[in-house]
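So the structure is just underneath, and the comments pick up after that.
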Amino acid sequence: MRNKKSLKRAQLKIQQMVFMLLAITLFFALAGMFVLVFKFSELKDSASALEEKNALLLVTKLANSPEFSCGKAFGNTKLNCIDADKVMMLKENIERYSGFWDVQNIEIRKIYPKTSKNTECTIANYPNCNFIRIFPREIASEYSNFVSLCRKGSFEGEVYDKCEMARLMVSYNGK
Amino acid sequence: MKKEAYLQISFAWLFAIIVGAVILFLAVFATTKIVKTERTAIDAKTAKEIGVLLNPLETGFETGKSNSLSLPAETRIYNKCSSSGAFGRQIIKVSQKSFNEWTDTDVNVGFSNKYIFSGEYAEGRKFHLFSKPFKFPFKVADLIYLTSSEEKYCFFNAPEKIKDEISALGQKNLILENCSGSEEAAMVCFGFANKKKCDVNVNYNSKYVEKGKKKMYFEEDSLMYAAIFADPLIYECQLKRLMKRAGNLALIYKDKAEFVSRTGCNSNLKSDLLILGNMANSLTGSAQLVSIKNIAETIKEKNSLADCKLW
């Protein structure tokens, strides 16, 4: 009788211990998952912060990069000057440049002289348009910089340089 | 009777010990993994941050621009290069010293629009960076030269032009002529110096840099600096990447020449640009640079004389 009683008590203790251990394991598993989720979101935040920083720093210098800059094509070397003719050709060959600048999109929008229409530039309507979108996708969160947008034009057989004021926008994959 | 009671207690203890040990092992294992992941994340973040911070080194009017980069811990910046794809990739890997051990990470951060010239890795807390535009014949890219503040270079017998440029940079680890007191500095010799004493020999007239038994050919001073500071394998790979970019730019300029000719703006460069594009895209080593140089020179001359300049 006494033997049976102590056996039952021992079994009960083992059961208690099993439940306790299960509870502890579950607690640690949940705590671990919470830490992982927290760390993962922290990592995602820092990745998008870096993308934002990249866009911010890139926008100030992109106009001087060889694919955009005017060089001496419009007289002396100009700082923050974009060659619209060259950019149109870049747009035509953009599949080669996918992922080159590590940004979502790049857009150049004429701001002066102002036009009432909002027309994207294509080979067919150029230069009677007011913005050049480099990659064929929408602009999301963006940083911008003021630039001059220059092109070659002609009037009665005479070639002339025309420069307008524009905004260079660099869009990044924001949250 | 006694035996049974003894067995019951020992089983409970045994059970608790085994499960407890498993839990402890899992906890230690998970913590180690998390710490390792955290270190890898920090290394990857630092590598990306370095790449992003290189954006302001893009030059405008300036010919050369120097900057420094300080990191909170002893760091190794590994420079890797891949020439595959349309533009190849600049790969940066960072390893930091933690508890007197270098973190081992496999995370490589890549950039298509950056060209860094350095040894296989640069080690230290402070790094010097300077950039110079590479024109062939149009501007192709800004080359970035990365050195640790602990690595010193002594430029011996350098031409006046190079001396002026280096002193204008004001970079502390680049020493001119009087190198006494900095015995550990790598000797960069120009012209007929005692070759045995020199770590890097520059033949400015024949346009090559000799490092060990490797010869690296260059055009333009920007490529000469690249050959001086870079590991030969990195130099050859980055040169291929630069030529790929030059090739793509040549094709854009060729299209532009065609496009602006409708306004009566003729440059007569289309066929030359097409040749340059094809030759640049198929470059296999720096020894071939000289053959592309001729067509680049012709294009440069034609563009400078044209009524309608393409760049």
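Ordering of the structure tokens sets the chain letters (A, B, ...); residue numbers start at 1 within each chain; ligands are numbered from 1 in the order shown.
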
task: Please determine the contact residues of chain A with respect to chain B at a cut-off of 8 Å, counting only C-alpha atoms, and supply them as a PyMOL selection string.
output: chain A and resi 3+7+10+14+17+21+25+43+46-47+50+53-54+57-58+60-61+64-67+70-74+77+79+85-86+89-90+93+96-97+99-102+152-154+157-159

- prompt: So which residues touch Ser131 of chain B within 12 Å, counting only C-alpha atoms, skipping near sequence neighbours fewer than 4 positions away, as a PyMOL selection string?
  reply: chain B and resi 54-60+62-68+114-117+141-147+165-166+169+171+221-223+225-226

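When atom CA of Asn128 of chain A is paired with atom CA of Met169 of chain A, their separation reads 20.0 Å.
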
- request: Would you kindly return, as an MDAnalysis selection string, each protein, DNA or RNA residue with an atom no farther than 12 Å from any atom of Ser206 of chain B, considering only C-alpha atoms and excluding same-chain residues fewer than 5 positions away?
  value: chainID B and resid 190:191 201 215:220 224 287 290

Could those selected residues go to a file with C-alpha atoms, as an mmCIF file, in the first residue's frame?
data_model
loop_
_atom_site.group_PDB
_atom_site.id
_atom_site.type_symbol
_atom_site.label_atom_id
_atom_site.label_comp_id
_atom_site.auth_asym_id
_atom_site.auth_seq_id
_atom_site.Cartn_x
_atom_site.Cartn_y
_atom_site.Cartn_z
ATOM 1 C CA PHE B 190 59.971 56.613 -61.089
ATOM 2 C CA GLY B 191 62.565 56.251 -63.824
ATOM 3 C CA ASN B 201 58.622 50.716 -60.302
ATOM 4 C CA LYS B 215 53.600 44.490 -65.283
ATOM 5 C CA MET B 216 50.486 46.659 -65.361
ATOM 6 C CA TYR B 217 50.043 48.972 -68.334
ATOM 7 C CA PHE B 218 48.287 52.305 -68.021
ATOM 8 C CA GLU B 219 47.078 55.326 -69.959
ATOM 9 C CA GLU B 220 46.361 58.538 -68.029
ATOM 10 C CA MET B 224 48.938 54.953 -63.029
ATOM 11 C CA ALA B 287 48.640 45.087 -72.377
ATOM 12 C CA VAL B 290 47.802 50.706 -76.154
#

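Computed from the coordinates, the atom CA of Tyr208 of chain B to atom CA of Pro159 of chain B distance equals 14.8 Å.
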
- prompt: DSSP on the backbone: what in segment 2-175 of chain A comes out strand (DSSP E or B), as a ChimeraX atom specification?
  reply: /A:69,81-83,105-112,120,131-133,141-155,158-172

Kindly export the residues of the current selection with N, CA and C atoms, as a short mmCIF file (atom, residue, chain, number, x, y, z; two decimals), in the first residue's frame.
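As written to disk, out-v8.cif reads:
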data_model
loop_
_atom_site.label_atom_id
_atom_site.label_comp_id
_atom_site.auth_asym_id
_atom_site.auth_seq_id
_atom_site.Cartn_x
_atom_site.Cartn_y
_atom_site.Cartn_z
N SER A 69 26.28 63.95 -67.35
CA SER A 69 26.91 65.27 -67.38
C SER A 69 27.05 65.88 -68.79
N CYS A 81 25.12 70.00 -64.54
CA CYS A 81 24.46 70.22 -65.82
C CYS A 81 24.20 68.86 -66.47
N ILE A 82 22.97 68.63 -66.89
CA ILE A 82 22.61 67.35 -67.51
C ILE A 82 22.38 67.52 -69.00
N ASP A 83 23.00 66.64 -69.76
CA ASP A 83 22.85 66.64 -71.22
C ASP A 83 21.58 65.84 -71.57
N ASN A 105 14.44 54.53 -59.13
CA ASN A 105 14.23 55.26 -60.38
C ASN A 105 14.95 56.61 -60.36
N ILE A 106 15.10 57.18 -61.53
CA ILE A 106 15.72 58.51 -61.66
C ILE A 106 14.82 59.30 -62.61
N GLU A 107 14.51 60.53 -62.23
CA GLU A 107 13.64 61.35 -63.08
C GLU A 107 14.20 62.76 -63.16
N ILE A 108 14.10 63.36 -64.34
CA ILE A 108 14.53 64.75 -64.50
C ILE A 108 13.30 65.52 -64.96
N ARG A 109 12.92 66.51 -64.16
CA ARG A 109 11.69 67.24 -64.46
C ARG A 109 12.00 68.73 -64.69
N LYS A 110 11.59 69.24 -65.85
CA LYS A 110 11.81 70.67 -66.15
C LYS A 110 10.95 71.49 -65.20
N ILE A 111 11.53 72.53 -64.59
CA ILE A 111 10.70 73.37 -63.72
C ILE A 111 10.59 74.80 -64.22
N TYR A 112 11.54 75.19 -65.08
CA TYR A 112 11.45 76.54 -65.65
C TYR A 112 12.04 76.56 -67.06
N GLU A 120 5.59 62.88 -70.48
CA GLU A 120 6.87 62.16 -70.37
C GLU A 120 7.59 62.20 -71.72
N PHE A 131 9.22 65.88 -68.69
CA PHE A 131 10.03 65.07 -67.77
C PHE A 131 10.58 63.81 -68.43
N ILE A 132 11.79 63.44 -68.02
CA ILE A 132 12.44 62.22 -68.53
C ILE A 132 12.50 61.23 -67.37
N ARG A 133 11.83 60.10 -67.56
CA ARG A 133 11.88 59.05 -66.52
C ARG A 133 12.82 57.98 -67.05
N SER A 141 9.36 57.28 -52.87
CA SER A 141 10.02 58.26 -51.99
C SER A 141 11.25 58.79 -52.72
N GLU A 142 11.44 60.11 -52.68
CA GLU A 142 12.55 60.61 -53.50
C GLU A 142 13.32 61.75 -52.85
N TYR A 143 14.55 61.94 -53.33
CA TYR A 143 15.37 63.09 -52.97
C TYR A 143 15.65 63.84 -54.27
N SER A 144 15.76 65.16 -54.19
CA SER A 144 15.97 65.88 -55.45
C SER A 144 17.04 66.96 -55.31
N ASN A 145 17.49 67.41 -56.48
CA ASN A 145 18.52 68.45 -56.54
C ASN A 145 18.24 69.30 -57.77
N PHE A 146 18.58 70.58 -57.71
CA PHE A 146 18.35 71.44 -58.87
C PHE A 146 19.52 71.35 -59.85
N VAL A 147 19.20 71.25 -61.13
CA VAL A 147 20.24 71.10 -62.16
C VAL A 147 19.85 71.93 -63.38
N SER A 148 20.80 72.12 -64.29
CA SER A 148 20.40 72.71 -65.58
C SER A 148 20.33 71.57 -66.60
N LEU A 149 19.31 71.63 -67.43
CA LEU A 149 19.07 70.57 -68.41
C LEU A 149 19.29 71.19 -69.80
N CYS A 150 20.35 70.74 -70.46
CA CYS A 150 20.72 71.37 -71.74
C CYS A 150 20.52 70.42 -72.91
N ARG A 151 20.24 71.00 -74.05
CA ARG A 151 20.08 70.20 -75.28
C ARG A 151 20.47 71.04 -76.49
N LYS A 152 20.64 70.35 -77.62
CA LYS A 152 20.92 71.05 -78.88
C LYS A 152 19.57 71.31 -79.56
N GLY A 153 19.42 72.50 -80.10
CA GLY A 153 18.21 72.82 -80.84
C GLY A 153 18.59 73.47 -82.16
N SER A 154 17.62 73.65 -83.05
CA SER A 154 17.96 74.35 -84.29
C SER A 154 16.84 75.30 -84.68
N PHE A 155 17.23 76.43 -85.25
CA PHE A 155 16.27 77.43 -85.72
C PHE A 155 16.75 77.96 -87.06
N GLU A 158 20.14 76.94 -88.04
CA GLU A 158 21.22 77.30 -87.11
C GLU A 158 21.12 76.45 -85.85
N VAL A 159 22.22 75.81 -85.46
CA VAL A 159 22.21 74.99 -84.24
C VAL A 159 22.50 75.88 -83.04
N TYR A 160 21.73 75.72 -81.98
CA TYR A 160 21.98 76.51 -80.76
C TYR A 160 21.86 75.61 -79.53
N ASP A 161 22.40 76.07 -78.41
CA ASP A 161 22.31 75.32 -77.15
C ASP A 161 21.17 75.90 -76.33
N LYS A 162 20.32 75.03 -75.79
CA LYS A 162 19.24 75.52 -74.95
C LYS A 162 19.32 74.86 -73.57
N CYS A 163 19.41 75.68 -72.54
CA CYS A 163 19.47 75.15 -71.17
C CYS A 163 18.26 75.62 -70.38
N GLU A 164 17.64 74.70 -69.68
CA GLU A 164 16.47 75.02 -68.85
C GLU A 164 16.74 74.56 -67.42
N MET A 165 15.92 75.05 -66.49
CA MET A 165 16.10 74.66 -65.10
C MET A 165 15.30 73.40 -64.83
N ALA A 166 15.89 72.46 -64.12
CA ALA A 166 15.19 71.19 -63.88
C ALA A 166 15.49 70.65 -62.48
N ARG A 167 14.71 69.65 -62.10
CA ARG A 167 14.94 68.98 -60.81
C ARG A 167 15.32 67.55 -61.10
N LEU A 168 16.44 67.12 -60.56
CA LEU A 168 16.86 65.73 -60.72
C LEU A 168 16.36 64.97 -59.48
N MET A 169 15.54 63.95 -59.72
CA MET A 169 14.97 63.22 -58.59
C MET A 169 15.47 61.78 -58.58
N VAL A 170 15.90 61.32 -57.40
CA VAL A 170 16.34 59.93 -57.26
C VAL A 170 15.39 59.26 -56.27
N SER A 171 14.77 58.20 -56.72
CA SER A 171 13.80 57.53 -55.86
C SER A 171 14.36 56.22 -55.34
N TYR A 172 14.09 55.93 -54.08
CA TYR A 172 14.61 54.71 -53.46
C TYR A 172 13.46 53.85 -52.97
#

A:Ala55, A:Leu62, A:Val18, A:Met33 ranked by distance to Ile18 of chain B, top pick (using only C-alpha atoms): A:Val18

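The space between atom CA of Ala227 of chain B and atom CA of Asn294 of chain B spans 20.9 Å.
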
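Of the residues listed (B:Ala168, B:Phe136, B:Phe130, B:Thr40), B:Phe136 shows the shortest atom-to-atom separation from Ala296 of chain B; distances use only C-alpha atoms.
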
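Residue nearest Ser98 of chain A, chosen from A:Phe68, A:Tyr126, A:Phe40, A:Phe135 and counting only C-alpha atoms: A:Phe135.
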
query: If you count only C-alpha atoms, which residues fall within 10 Å of Lys117 of chain A, apart from same-chain ones fewer than 2 positions away, as number ranges by chain?
result: A: 114-115, 119-120, 128-130

Output N, CA and C atoms of each residue in that selection to a file, as a PDB file, in the first residue's frame.
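The file below, again.pdb, is the result:
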ATOM      1  N   LYS A 114       7.950  77.074 -67.094  1.00  0.00           N
ATOM      2  CA  LYS A 114       6.870  76.191 -66.667  1.00  0.00           C
ATOM      3  C   LYS A 114       5.978  75.807 -67.841  1.00  0.00           C
ATOM      4  N   THR A 115       5.520  74.547 -67.846  1.00  0.00           N
ATOM      5  CA  THR A 115       4.563  74.130 -68.886  1.00  0.00           C
ATOM      6  C   THR A 115       3.315  73.590 -68.197  1.00  0.00           C
ATOM      7  N   THR A 119       3.962  65.864 -69.667  1.00  0.00           N
ATOM      8  CA  THR A 119       4.199  64.826 -70.674  1.00  0.00           C
ATOM      9  C   THR A 119       5.567  64.195 -70.495  1.00  0.00           C
ATOM     10  N   GLU A 120       5.586  62.876 -70.484  1.00  0.00           N
ATOM     11  CA  GLU A 120       6.868  62.160 -70.369  1.00  0.00           C
ATOM     12  C   GLU A 120       7.588  62.200 -71.717  1.00  0.00           C
ATOM     13  N   ASN A 128       9.444  68.287 -76.964  1.00  0.00           N
ATOM     14  CA  ASN A 128       8.188  68.892 -76.503  1.00  0.00           C
ATOM     15  C   ASN A 128       7.568  68.076 -75.375  1.00  0.00           C
ATOM     16  N   CYS A 129       8.228  68.030 -74.275  1.00  0.00           N
ATOM     17  CA  CYS A 129       7.787  67.240 -73.128  1.00  0.00           C
ATOM     18  C   CYS A 129       8.420  67.857 -71.900  1.00  0.00           C
ATOM     19  N   ASN A 130       8.022  67.407 -70.705  1.00  0.00           N
ATOM     20  CA  ASN A 130       8.623  68.082 -69.543  1.00  0.00           C
ATOM     21  C   ASN A 130       9.263  67.179 -68.492  1.00  0.00           C
TER      22      ASN A 130
END

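Each of B:His128, B:Lys163, B:Lys302, B:Lys80 was checked against Glu177 of chain B using only C-alpha atoms; the smallest atom-to-atom distance is that of B:Lys163.
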